[in-house]
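Below is entry-v6.txt, holding compact mmCIF, C-alpha atoms and all ligand atoms.
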# COMPACT_ATOMS: atom_id res chain seq x y z
CA MET A 1 27.99 -22.27 14.49
CA ASN A 2 27.53 -24.30 17.66
CA GLY A 3 23.87 -25.12 18.24
CA ASP A 4 21.98 -26.06 21.40
CA PRO A 5 22.18 -29.88 21.68
CA ARG A 6 18.44 -30.06 22.43
CA ILE A 7 17.70 -28.25 19.18
CA ILE A 8 20.00 -30.54 17.21
CA GLU A 9 18.36 -33.60 18.77
CA MET A 10 14.88 -32.27 17.93
CA LEU A 11 16.00 -31.51 14.37
CA ASN A 12 17.39 -35.02 14.03
CA GLU A 13 14.13 -36.54 15.24
CA SER A 14 12.33 -34.37 12.66
CA LEU A 15 14.79 -35.54 10.02
CA THR A 16 14.01 -39.16 10.92
CA ALA A 17 10.30 -38.40 10.47
CA GLU A 18 10.85 -36.68 7.12
CA LEU A 19 13.01 -39.51 5.77
CA THR A 20 10.32 -41.95 6.92
CA ALA A 21 7.67 -39.88 5.12
CA VAL A 22 9.75 -39.87 1.90
CA ASN A 23 9.71 -43.68 1.92
CA GLN A 24 6.13 -44.08 3.06
CA TYR A 25 4.76 -41.82 0.30
CA PHE A 26 7.09 -43.34 -2.27
CA ILE A 27 5.95 -46.92 -1.66
CA ALA A 28 2.31 -45.77 -1.46
CA SER A 29 2.80 -44.11 -4.86
CA LYS A 30 4.34 -47.20 -6.41
CA MET A 31 1.64 -49.51 -4.98
CA ALA A 32 -1.17 -47.17 -6.06
CA ASP A 33 0.34 -47.17 -9.54
CA ASP A 34 0.55 -50.96 -9.51
CA TRP A 35 -3.16 -51.09 -8.56
CA SER A 36 -3.86 -48.64 -11.45
CA TYR A 37 -4.80 -45.67 -9.29
CA SER A 38 -2.49 -43.47 -11.29
CA LYS A 39 -3.94 -40.14 -10.12
CA LEU A 40 -3.33 -40.91 -6.45
CA ALA A 41 0.08 -42.37 -7.39
CA LYS A 42 1.01 -38.98 -8.86
CA GLU A 43 -0.16 -37.12 -5.72
CA TYR A 44 1.89 -39.40 -3.47
CA TYR A 45 4.89 -39.11 -5.74
CA ASP A 46 4.80 -35.32 -5.40
CA GLU A 47 4.32 -35.56 -1.63
CA SER A 48 7.33 -37.85 -1.39
CA ILE A 49 9.43 -35.22 -3.17
CA ASP A 50 7.99 -32.50 -0.86
CA GLU A 51 9.09 -34.53 2.15
CA MET A 52 12.55 -34.92 0.67
CA LYS A 53 12.78 -31.13 0.35
CA HIS A 54 11.75 -30.85 4.01
CA ALA A 55 14.54 -33.30 4.86
CA GLU A 56 16.96 -31.14 2.90
CA THR A 57 16.20 -27.96 4.84
CA ILE A 58 16.59 -29.84 8.13
CA ILE A 59 19.90 -31.38 7.06
CA ASP A 60 21.21 -27.95 6.05
CA ARG A 61 20.15 -26.52 9.40
CA ILE A 62 21.78 -29.32 11.43
CA LEU A 63 25.02 -28.84 9.49
CA PHE A 64 24.85 -25.08 10.09
CA LEU A 65 24.50 -25.77 13.83
CA ASP A 66 27.57 -28.07 13.64
CA GLY A 67 25.52 -31.19 14.37
CA VAL A 68 25.60 -34.53 12.58
CA PRO A 69 22.48 -35.31 10.51
CA ASN A 70 21.39 -38.88 11.21
CA MET A 71 20.65 -40.36 7.81
CA GLN A 72 20.37 -43.98 8.85
CA ARG A 73 17.45 -43.92 11.24
CA LEU A 74 13.78 -44.31 10.27
CA PHE A 75 10.54 -44.56 12.20
CA PRO A 76 8.39 -47.54 11.19
CA VAL A 77 7.36 -47.11 7.54
CA GLU A 78 3.64 -47.86 7.66
CA VAL A 79 2.57 -49.56 4.46
CA GLY A 80 -1.17 -50.07 4.11
CA GLU A 81 -2.51 -53.10 2.27
CA SER A 82 -5.28 -51.21 0.50
CA LEU A 83 -5.60 -47.74 -1.00
CA ILE A 84 -7.85 -46.56 1.81
CA GLU A 85 -5.69 -48.03 4.57
CA GLN A 86 -2.65 -46.34 3.03
CA PHE A 87 -4.49 -43.04 2.89
CA GLN A 88 -5.41 -43.27 6.56
CA LEU A 89 -1.88 -44.24 7.63
CA ASN A 90 -0.44 -41.31 5.67
CA TYR A 91 -2.95 -38.99 7.32
CA GLU A 92 -1.94 -40.23 10.79
CA MET A 93 1.72 -39.62 9.88
CA GLU A 94 0.94 -36.04 8.83
CA LYS A 95 -0.89 -35.36 12.09
CA ARG A 96 2.17 -36.55 14.03
CA ALA A 97 4.33 -34.22 11.91
CA VAL A 98 2.15 -31.24 12.84
CA LEU A 99 2.39 -32.07 16.56
CA ARG A 100 6.16 -32.56 16.27
CA TYR A 101 6.71 -29.17 14.63
CA ARG A 102 4.47 -27.39 17.10
CA ALA A 103 6.50 -28.88 19.95
CA GLY A 104 9.75 -28.10 18.11
CA SER A 105 8.70 -24.49 17.64
CA ALA A 106 8.02 -24.18 21.38
CA LEU A 107 11.46 -25.63 22.15
CA CYS A 108 13.09 -23.07 19.82
CA HIS A 109 11.34 -20.29 21.71
CA GLU A 110 12.67 -21.69 24.99
CA ALA A 111 16.19 -22.06 23.59
CA SER A 112 16.10 -18.58 21.97
CA ASP A 113 16.71 -19.90 18.46
CA PRO A 114 14.39 -17.90 16.19
CA GLY A 115 16.28 -19.02 13.07
CA THR A 116 15.42 -22.66 13.64
CA ARG A 117 11.96 -21.64 14.73
CA ASN A 118 11.31 -19.86 11.42
CA LEU A 119 12.41 -22.93 9.54
CA LEU A 120 10.17 -25.23 11.59
CA GLU A 121 7.21 -22.93 11.13
CA ALA A 122 7.59 -23.09 7.37
CA LEU A 123 7.64 -26.90 7.61
CA LEU A 124 4.67 -26.81 9.98
CA LYS A 125 2.70 -24.82 7.44
CA SER A 126 3.43 -27.37 4.74
CA GLU A 127 2.43 -30.30 7.01
CA GLU A 128 -0.75 -28.50 8.05
CA HIS A 129 -1.55 -28.19 4.38
CA HIS A 130 -1.00 -31.96 3.94
CA VAL A 131 -3.31 -32.63 6.90
CA ASP A 132 -5.94 -30.25 5.54
CA ASP A 133 -5.93 -31.95 2.12
CA ALA A 134 -6.18 -35.38 3.73
CA GLU A 135 -9.09 -34.30 5.94
CA ALA A 136 -10.97 -32.93 2.96
CA GLU A 137 -10.44 -36.23 1.14
CA LEU A 138 -11.56 -38.32 4.11
CA ALA A 139 -14.72 -36.19 4.42
CA ASN A 140 -15.28 -36.68 0.70
CA LEU A 141 -14.82 -40.45 1.11
CA ASP A 142 -17.42 -40.40 3.84
CA GLN A 143 -19.88 -38.51 1.65
CA ILE A 144 -19.53 -40.33 -1.67
CA GLY A 145 -18.60 -43.80 -0.44
CA GLU A 146 -15.63 -46.06 -1.13
CA LYS A 147 -16.41 -47.03 -4.71
CA LEU A 148 -16.84 -43.50 -6.01
CA TRP A 149 -13.89 -42.27 -4.01
CA LEU A 150 -11.64 -44.98 -5.40
CA ALA A 151 -12.94 -44.30 -8.92
CA LYS A 152 -11.77 -40.70 -8.88
CA TRP A 153 -8.14 -41.80 -8.37
CA VAL A 154 -8.01 -44.23 -11.31
CA MET B 155 -0.68 -52.74 7.45
CA LEU B 156 2.54 -54.49 6.60
CA VAL B 157 4.61 -54.82 9.78
CA CYS B 158 7.55 -57.01 8.73
CA HIS B 159 8.76 -55.95 5.29
CA CYS B 160 11.37 -58.74 5.07
CA LEU B 161 8.91 -61.62 5.44
CA ALA B 162 5.65 -59.84 4.53
CA VAL B 163 3.75 -60.25 7.81
CA ASN B 164 0.87 -57.85 8.49
CA ASP B 165 -0.55 -56.35 11.68
CA ARG B 166 -3.48 -58.79 11.79
CA GLU B 167 -1.10 -61.75 11.99
CA VAL B 168 0.93 -60.07 14.74
CA LYS B 169 -2.25 -59.19 16.66
CA ALA B 170 -3.41 -62.81 16.35
CA ALA B 171 -0.11 -63.91 17.91
CA VAL B 172 -0.65 -61.44 20.74
CA GLY B 173 -4.12 -62.96 21.15
CA GLN B 174 -2.44 -66.35 21.48
CA GLY B 175 -0.37 -65.04 24.36
CA ALA B 176 2.74 -63.55 22.74
CA ALA B 177 4.27 -61.11 25.23
CA THR B 178 7.71 -60.38 23.77
CA VAL B 179 9.20 -59.67 20.36
CA GLU B 180 10.81 -63.11 20.60
CA ASP B 181 7.36 -64.74 21.02
CA VAL B 182 6.05 -62.89 17.97
CA ILE B 183 9.07 -64.03 15.91
CA ASN B 184 8.43 -67.64 16.95
CA LEU B 185 4.71 -67.49 16.18
CA THR B 186 4.65 -65.42 12.97
CA ASP B 187 8.22 -65.02 11.64
CA ALA B 188 7.67 -61.23 11.78
CA GLY B 189 10.92 -59.63 12.92
CA ALA B 190 13.10 -62.67 12.28
CA LEU B 191 15.43 -61.00 9.78
CA CYS B 192 16.60 -57.35 9.80
CA GLY B 193 14.85 -56.39 13.05
CA GLY B 194 13.64 -53.06 11.64
CA CYS B 195 10.06 -53.84 12.64
CA HIS B 196 10.84 -54.66 16.27
CA PRO B 197 9.59 -51.21 17.38
CA SER B 198 6.33 -51.78 15.45
CA ILE B 199 5.95 -55.21 17.06
CA CYS B 200 6.68 -53.62 20.42
CA MET B 201 3.86 -51.14 19.80
CA LEU B 202 1.43 -53.90 18.79
CA LEU B 203 2.29 -55.84 21.96
CA GLY B 204 1.16 -52.71 23.78
CA GLU B 205 -0.06 -53.45 27.26
CA HIS B 206 0.64 -57.17 26.76
CA SER B 207 4.35 -56.40 26.44
CA GLN B 208 6.59 -58.10 28.99
CA GLY B 209 9.84 -57.08 27.40
CA ASP B 210 11.25 -54.56 25.01
CA CYS B 211 12.12 -54.66 21.35
CA GLY B 212 15.85 -54.63 22.06
CA GLY B 213 16.21 -51.54 19.89
CA ASP B 214 18.35 -48.54 20.83
CA ALA B 215 15.34 -46.52 21.81
CA CYS B 216 13.87 -49.15 24.12
CA LEU B 217 17.23 -49.69 25.76
CA ALA B 218 17.58 -45.96 26.28
CA GLY B 219 14.15 -45.94 27.92
CA SER B 220 12.66 -43.78 25.18
CA ARG B 221 9.23 -44.85 24.00
CA VAL B 222 9.30 -42.25 21.25
CA LEU B 223 11.24 -44.24 18.69
CA CYS B 224 9.59 -47.42 19.83
CA GLY B 225 6.34 -46.54 18.21
CA ASP B 226 4.57 -45.03 21.19
CA ARG B 227 3.25 -41.97 19.41
CA SER B 228 1.47 -40.47 22.39
CA SER B 229 4.43 -38.22 23.14
CA VAL B 230 5.31 -37.30 19.58
FE FE C 301 7.47 -33.21 5.87
FE FE C 302 3.89 -34.13 5.10
Any chance you could put this one into C-alpha cells?
Ligand SMILES: [Fe+2]
Ligand SMILES: [Fe+2]
Amino acid sequence: MNGDPRIIEMLNESLTAELTAVNQYFIASKMADDWSYSKLAKEYYDESIDEMKHAETIIDRILFLDGVPNMQRLFPVEVGESLIEQFQLNYEMEKRAVLRYRAGSALCHEASDPGTRNLLEALLKSEEHHVDDAEAELANLDQIGEKLWLAKWV
Amino acid sequence: MLVCHCLAVNDREVKAAVGQGAATVEDVINLTDAGALCGGCHPSICMLLGEHSQGDCGGDACLAGSRVLCGDRSSV
C-alpha cells in the first residue's frame, strides 16, 4: 500500500536511530562485560535486543507502505570510555528517541495515518520506559556515589 | 567518548585540535588522524567543530543542507 513519502522518510530516520541504538547498546554491553560489570552488561544486552525488535516493526511498516527500508545508514554510535560515560550517552540517546517519536506521532496525525501512529506510540512507550529507568539510575548514582553505584553492576 | 572508531581517537583529542584552531574536518584529520579512514565519524567531528566550523563534513546530510544527520540534535 502506497504510503505518504513524509511518513516513510520519518520511519526511515527512526530506523536509522534504532539500528544505531542496537549497536550502541551492544558495544556498551561487551565493554561492560570486559570491565567485569556483568550485571550492567546483561541489561545492555537485553536493551540491544529490544532496539532490534523496534527496528523490526519499523522495517515491516516501511515495507507495508511500499517504501525501501534504509539498512545502511547509522547516526554516530556514541561509545563512552567509562561505564558512567556510557550510561550517560545511552540516556541522551533515549531522550532523543522519545522526542523523535513524539514528533513522528504528530506527523502521523497530520498525514492521517493512525496505523503508523499506533505503531510509533507503542515504540514511544518503550523508549519512555528506557528513559525512566535511566533517570532512576542516575538519581541513584547521585545519592549513593560512583563507587557504590559501580559496585552494584559487578 | 570515542569519536573515530577506525583509529581510536576520542572527543577530548578532537576538542584539543579545535582549541588549536581546527575549523574543518580536514584540519581535524591532519591534527589528530580522526576521520582519516572510513569517514563515518565526519558528522561527529562536524558536531564537535560546532560554532568553529568553517566547512561541512562532506557527508550526504551536510551536502543536502540537513543538520539532522550531521549530529546537530537540536531538531531531533
Ligand atoms: Fe528503540
Ligand atoms: Fe531505547
I'd like the interatomic distance between CA of Ala190 (chain B) and CA of Thr20 (chain A), to a tenth of an Å.
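Calculated distance between CA of Ala190 (chain B) and CA of Thr20 (chain A) is 21.6 Å.
Excluding Gly189 (chain B) itself and same-chain residues fewer than 4 positions from it, the residues having an atom within 9 Å of it are Val157, Cys158, His159, Cys160, Leu161, Val163, Val179, Glu180, Val182, Ile183, Gly193, Gly194, Cys195, His196 and Ile199 of chain B, counting only C-alpha atoms.
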If we count all atoms listed in the file and set the cut-off at 12 Å, which residues sit around Val172 (chain B), ignoring sequence neighbours fewer than 2 positions away in its own chain? Please answer as a list in words.
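Here the qualifying residues turn out to be Asp165, Arg166, Glu167, Val168, Lys169, Ala170, Gln174, Gly175, Ala176, Ala177, Thr178, Val179, Glu180, Asp181, Val182, Ile183, Asn184, Leu185, Thr186, Ile199, Cys200, Met201, Leu202, Leu203, Gly204, Glu205, His206, Ser207 and Gln208 of chain B.
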Name the residues, by chain letter and number, that sit within 6 Å of ligand FE 301 (chain C) using only C-alpha atoms and all ligand atoms, and give them as a ChimeraX atom specification.
/A:18,51,54,127
Kindly provide, as a count of residues only, all nucleotide and amino acid residues lying within 7 Å of ligand FE 302 (chain C), counting all atoms listed in the file.
8
Taking every listed atom of region 141-153 of chain A and adding 6 Å to each side, what centre and edge lengths in Å (one decimal) does the axis-aligned box have, as lines of an AutoDock Vina configuration file?
center_x = -14.0
center_y = -42.8
center_z = -2.5
size_x = 23.7
size_y = 20.5
size_z = 24.8
Please provide as a ChimeraX atom specification all residues within 12 Å of region 106-111 of chain A, with the sequence filter that same-chain residues fewer than 2 positions apart are discarded (counting all atoms listed in the file).
/A:3-11,99-104,113-121
Interface, chain A side, toward chain B (7 Å; all atoms listed in the file) as JSON, numbers by chain:
{"A": [75, 76, 78, 79, 80, 81, 96, 99, 100]}
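Taking CA of Lys95 (chain A) as the reference point, CA of Ala32 (chain A) is found at 21.7 Å.
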Selection: 10 Å around Ile59 (chain A), all atoms listed in the file, excl. self and same-chain fewer than 2 positions, as a ChimeraX atom specification
/A:11-12,14-15,53-57,61-65,67-71
CA of Lys125 (chain A) to CA of Ser38 (chain A), straight-line distance in Å
26.9 Å
